[in-house]
Amino acid sequence: MYKVKVYVTLRENVLDPQGSAVKGALHSLSYQEVQDVRIGKFMELMIEKNDRDIEEIVRDMCEKLLANTVIEDYRYEIEEVVAQ
Amino acid sequence: MKFAVIVFPGSNCDVDMYHAIKDELGEEVEYVWHDADHLDEFDGILLPGGFSYGDYLRSGAIARFSNVMKAIQQAAEAGKPILGVCNGFQILLEAGLLPGAMRRNHSLKFMCRPVELRVENHETMFTSMYEKDEMITIPIAHGEGNYYCDEETLKQLIDNRQIVFRYHGENPNGSLADIAGIINEKGNVLGMMPHPERAVDELLGSADGLKLFQSIVKYWREAHVVTS
């Protein structure tokens, strides 16, 4: 079994209106040192082991559904775990 | 002419769309559930607004994998008129039938009010009844209508006259180049955030949307009715 963590964020060059609003709120709380805030999504998947390459499966899922690559970037972490 | 209004779980403008076609336009229309296998009997396909699958993950991201989307893809290739409004537009973007993607409105607010649009291209099968550069008033109702595409795509949209509607005056959502509606290169798939089906009678505040549907019918009649 694999535990896969997928992080999806807006691409660097795409303005993130939620991030901008949160940055403004942090500044109003006097955290002036905050330079940038990017808001994204975190997904945790449990994936059964099979003969397909796990990285290939995860990449496919990200490209097809989990991220919209026109505006979003994704990254993932794969950890092998013992099924419970 | 016979229209299909595609209904996804969470569609909520399907009834308005049906009403616009049946009662105001006076053409045939049927609801088609998202698991339909084919759309052969229909001449025009309408994807209504709403919140398909609760907008989970991204607006339109899950609806795009509905069974009916295969038939919509085929209809697009066959050159049938396909109109996606609001969530329907978002689904067409996710499906890759139109280029680009939607972001949250720059204000982060759900915007629900009439807006002024300029008809940027009145030489399409959806806009032929409008005058060149006609100004029209159509309501919007969305939280994610902030259209985005890369520079290269924008250049293509401009060069091919694929931008059909732009917001005039204040841009309600921050969309790139004030884009409110775009068409595919072939000219038979239109996506737009404003709701023409909610502007089909003066009683509703505007009848400016009716000409869009009349344009589709005019196109279809000219292509299919043989004059003796």
# chains A, B, ... in the order shown; residues from 1 in each chain; ligands from 1
call {"tool": "closest_atom_pairs", "arguments": {"of": "chain A", "to": "range 87-100 of chain B", "cutoff": "12 Å", "atoms": "only C-alpha atoms", "output": "CSV"}}
result
residue,atom,partner,partner_atom,distance
A:Glu63,CA,B:Glu94,CA,11.7
A:Lys64,CA,B:Glu94,CA,9.8
A:Leu65,CA,B:Glu94,CA,9.1
A:Leu66,CA,B:Glu94,CA,11.5
A:Ala67,CA,B:Glu94,CA,10.4
A:Asn68,CA,B:Glu94,CA,7.7
A:Thr69,CA,B:Gly100,CA,9.8
A:Val70,CA,B:Gly100,CA,6.4
A:Ile71,CA,B:Gly100,CA,8.3
A:Glu72,CA,B:Gly100,CA,11.6
call {"tool": "write_last_selection", "arguments": {"atoms": "N, CA and C atoms", "output": "mmCIF file, in the first residue's frame"}}
result
data_model
loop_
_atom_site.group_PDB
_atom_site.id
_atom_site.type_symbol
_atom_site.label_atom_id
_atom_site.label_comp_id
_atom_site.auth_asym_id
_atom_site.auth_seq_id
_atom_site.Cartn_x
_atom_site.Cartn_y
_atom_site.Cartn_z
ATOM 1 N N GLU A 63 -2.413 14.827 -13.837
ATOM 2 C CA GLU A 63 -2.561 15.473 -15.148
ATOM 3 C C GLU A 63 -4.015 15.438 -15.622
ATOM 4 N N LYS A 64 -4.681 14.296 -15.359
ATOM 5 C CA LYS A 64 -6.045 14.125 -15.880
ATOM 6 C C LYS A 64 -7.092 14.822 -15.031
ATOM 7 N N LEU A 65 -6.941 14.779 -13.721
ATOM 8 C CA LEU A 65 -8.037 15.252 -12.867
ATOM 9 C C LEU A 65 -7.613 16.141 -11.702
ATOM 10 N N LEU A 66 -6.631 15.699 -10.943
ATOM 11 C CA LEU A 66 -6.388 16.362 -9.657
ATOM 12 C C LEU A 66 -5.904 17.797 -9.804
ATOM 13 N N ALA A 67 -5.177 18.095 -10.893
ATOM 14 C CA ALA A 67 -4.739 19.475 -11.141
ATOM 15 C C ALA A 67 -5.182 19.889 -12.535
ATOM 16 N N ASN A 68 -5.432 21.166 -12.700
ATOM 17 C CA ASN A 68 -5.691 21.705 -14.047
ATOM 18 C C ASN A 68 -4.410 22.411 -14.446
ATOM 19 N N THR A 69 -3.636 21.774 -15.306
ATOM 20 C CA THR A 69 -2.277 22.262 -15.565
ATOM 21 C C THR A 69 -2.232 23.564 -16.359
ATOM 22 N N VAL A 70 -3.393 24.046 -16.794
ATOM 23 C CA VAL A 70 -3.421 25.373 -17.423
ATOM 24 C C VAL A 70 -3.089 26.446 -16.371
ATOM 25 N N ILE A 71 -3.575 26.247 -15.155
ATOM 26 C CA ILE A 71 -3.361 27.262 -14.112
ATOM 27 C C ILE A 71 -2.691 26.709 -12.854
ATOM 28 N N GLU A 72 -2.587 25.382 -12.748
ATOM 29 C CA GLU A 72 -2.081 24.823 -11.492
ATOM 30 C C GLU A 72 -0.823 23.980 -11.680
#
call {"tool": "interface_residues", "arguments": {"of": "chain B", "to": "chain A", "cutoff": "8 Å", "atoms": "only C-alpha atoms", "output": "ChimeraX atom specification"}}
result
/B:57,61-62,94,100-101,104-108,148-150
call {"tool": "write_last_selection", "arguments": {"atoms": "C-alpha atoms", "output": "PDB file, in the first residue's frame"}}
result
ATOM      1  CA  LEU B  57     -12.102  19.871  -6.743  1.00  0.00           C
ATOM      2  CA  ALA B  61     -13.683  19.101 -13.206  1.00  0.00           C
ATOM      3  CA  ILE B  62     -15.804  16.078 -12.334  1.00  0.00           C
ATOM      4  CA  GLU B  94     -12.136  21.380 -18.243  1.00  0.00           C
ATOM      5  CA  GLY B 100      -8.012  28.215 -20.910  1.00  0.00           C
ATOM      6  CA  ALA B 101      -9.242  27.855 -17.326  1.00  0.00           C
ATOM      7  CA  ARG B 104     -11.834  32.604  -8.483  1.00  0.00           C
ATOM      8  CA  ASN B 105     -13.205  36.093  -9.102  1.00  0.00           C
ATOM      9  CA  HIS B 106     -10.512  38.631  -8.203  1.00  0.00           C
ATOM     10  CA  SER B 107     -12.833  40.124  -5.551  1.00  0.00           C
ATOM     11  CA  LEU B 108     -13.390  36.612  -4.095  1.00  0.00           C
ATOM     12  CA  TYR B 148      -7.223  32.812 -17.767  1.00  0.00           C
ATOM     13  CA  CYS B 149      -5.099  31.480 -20.612  1.00  0.00           C
ATOM     14  CA  ASP B 150      -1.441  31.841 -21.534  1.00  0.00           C
TER      15      ASP B 150
END
call {"tool": "closest_residue", "arguments": {"among": "B:Leu117, B:Ile158, B:Met193, B:Met125", "to": "Gly143 in chain B", "atoms": "only C-alpha atoms"}}
result
B:Met193
call {"tool": "select_by_dssp", "arguments": {"residues": "chain A", "states": "strand (DSSP E)", "output": "list in words"}}
result
Tyr2, Lys3, Val4, Lys5, Val6, Tyr7, Val8, Thr9, Leu10, Gly40, Lys41, Phe42, Met43, Glu44, Leu45, Met46, Ile47, Glu72, Asp73, Tyr74, Arg75, Tyr76, Glu77, Ile78, Glu79 and Glu80 of chain A
call {"tool": "select_by_dssp", "arguments": {"residues": "chain A", "states": "helix (DSSP H, G or I)", "output": "list of chain:residue names"}}
result
A:Pro17, A:Gln18, A:Gly19, A:Ser20, A:Ala21, A:Val22, A:Lys23, A:Gly24, A:Ala25, A:Leu26, A:His27, A:Ser28, A:Ile54, A:Glu55, A:Glu56, A:Ile57, A:Val58, A:Arg59, A:Asp60, A:Met61, A:Cys62, A:Glu63, A:Lys64, A:Leu65, A:Leu66
call {"tool": "residues_around", "arguments": {"residues": "Gln35 in chain A", "least_positions_apart": "5", "cutoff": "12 Å", "atoms": "only C-alpha atoms", "output": "ChimeraX atom specification"}}
result
/A:19-20,22-24,26-27
call {"tool": "write_last_selection", "arguments": {"atoms": "N, CA and C atoms", "output": "compact mmCIF listing (two decimals), in the first residue's frame"}}
result
# COMPACT_ATOMS: atom_id res chain seq x y z
N GLY A 19 -4.81 33.96 -1.95
CA GLY A 19 -3.51 34.18 -1.32
C GLY A 19 -3.29 35.66 -1.02
N SER A 20 -3.66 36.52 -1.99
CA SER A 20 -3.48 37.97 -1.81
C SER A 20 -4.31 38.47 -0.62
N VAL A 22 -5.33 36.72 1.98
CA VAL A 22 -4.77 36.21 3.24
C VAL A 22 -3.50 36.98 3.60
N LYS A 23 -2.70 37.31 2.59
CA LYS A 23 -1.49 38.11 2.84
C LYS A 23 -1.89 39.45 3.46
N GLY A 24 -2.94 40.07 2.89
CA GLY A 24 -3.42 41.36 3.42
C GLY A 24 -3.85 41.22 4.88
N LEU A 26 -2.77 38.96 7.05
CA LEU A 26 -1.58 38.75 7.89
C LEU A 26 -0.86 40.08 8.13
N HIS A 27 -0.80 40.92 7.09
CA HIS A 27 -0.19 42.24 7.26
C HIS A 27 -0.96 43.06 8.27
call {"tool": "residues_around", "arguments": {"residues": "range 51-58 of chain A", "least_positions_apart": "2", "cutoff": "9 Å", "atoms": "only C-alpha atoms", "output": "PyMOL selection string"}}
result
chain A and resi 2+4+6+47+49+60-63+76+78
call {"tool": "atom_distance", "arguments": {"atom1": "CA of Lys211 in chain B", "atom2": "CA of Met129 in chain B"}}
result
5.7 Å
call {"tool": "closest_residue", "arguments": {"among": "A:Tyr74, A:Met1, A:Glu12, A:Ala83", "to": "Val37 in chain A", "atoms": "only C-alpha atoms"}}
result
A:Glu12
call {"tool": "atom_distance", "arguments": {"atom1": "CA of Ser52 in chain B", "atom2": "CA of Arg59 in chain A"}}
result
25.2 Å
call {"tool": "closest_residue", "arguments": {"among": "B:Met111, B:Ile82, B:Leu203, B:Leu157", "to": "Asn188 in chain B", "atoms": "only C-alpha atoms"}}
result
B:Ile82
call {"tool": "residues_around", "arguments": {"residues": "Gly54 in chain B", "least_positions_apart": "6", "cutoff": "10 Å", "atoms": "only C-alpha atoms", "output": "PyMOL selection string"}}
result
chain B and resi 9-11+60+62-63
call {"tool": "atom_distance", "arguments": {"atom1": "CA of Phe8 in chain B", "atom2": "CA of Leu83 in chain B"}}
result
15.0 Å
call {"tool": "closest_residue", "arguments": {"among": "A:Lys3, A:Leu29, A:Val34, A:Glu77", "to": "Glu48 in chain A", "atoms": "only C-alpha atoms"}}
result
A:Lys3
call {"tool": "residues_around", "arguments": {"residues": "Leu25 in chain B", "least_positions_apart": "6", "cutoff": "12 Å", "atoms": "only C-alpha atoms", "output": "list of chain:residue names"}}
result
B:Met1, B:Lys2, B:Phe3, B:Met17, B:Tyr18, B:His19, B:Glu197, B:Ala199, B:Val200, B:Asp201, B:Ala207, B:Gly209, B:Leu210, B:Lys211, B:Leu212, B:Phe213, B:Gln214, B:Ser215, B:Ile216, B:Val217, B:Lys218
call {"tool": "residues_around", "arguments": {"residues": "Gln74 in chain B", "least_positions_apart": "5", "cutoff": "12 Å", "atoms": "only C-alpha atoms", "output": "list in words"}}
result
Asp37, His38, Leu39, Asp40, Ile45, Val68, Met69, Gly79, Lys80, Pro81, Ile82, Leu97 and Val189 of chain B
call {"tool": "closest_residue", "arguments": {"among": "B:Glu134, B:Glu185, B:Asp43, B:Glu77", "to": "His224 in chain B", "atoms": "only C-alpha atoms"}}
result
B:Asp43
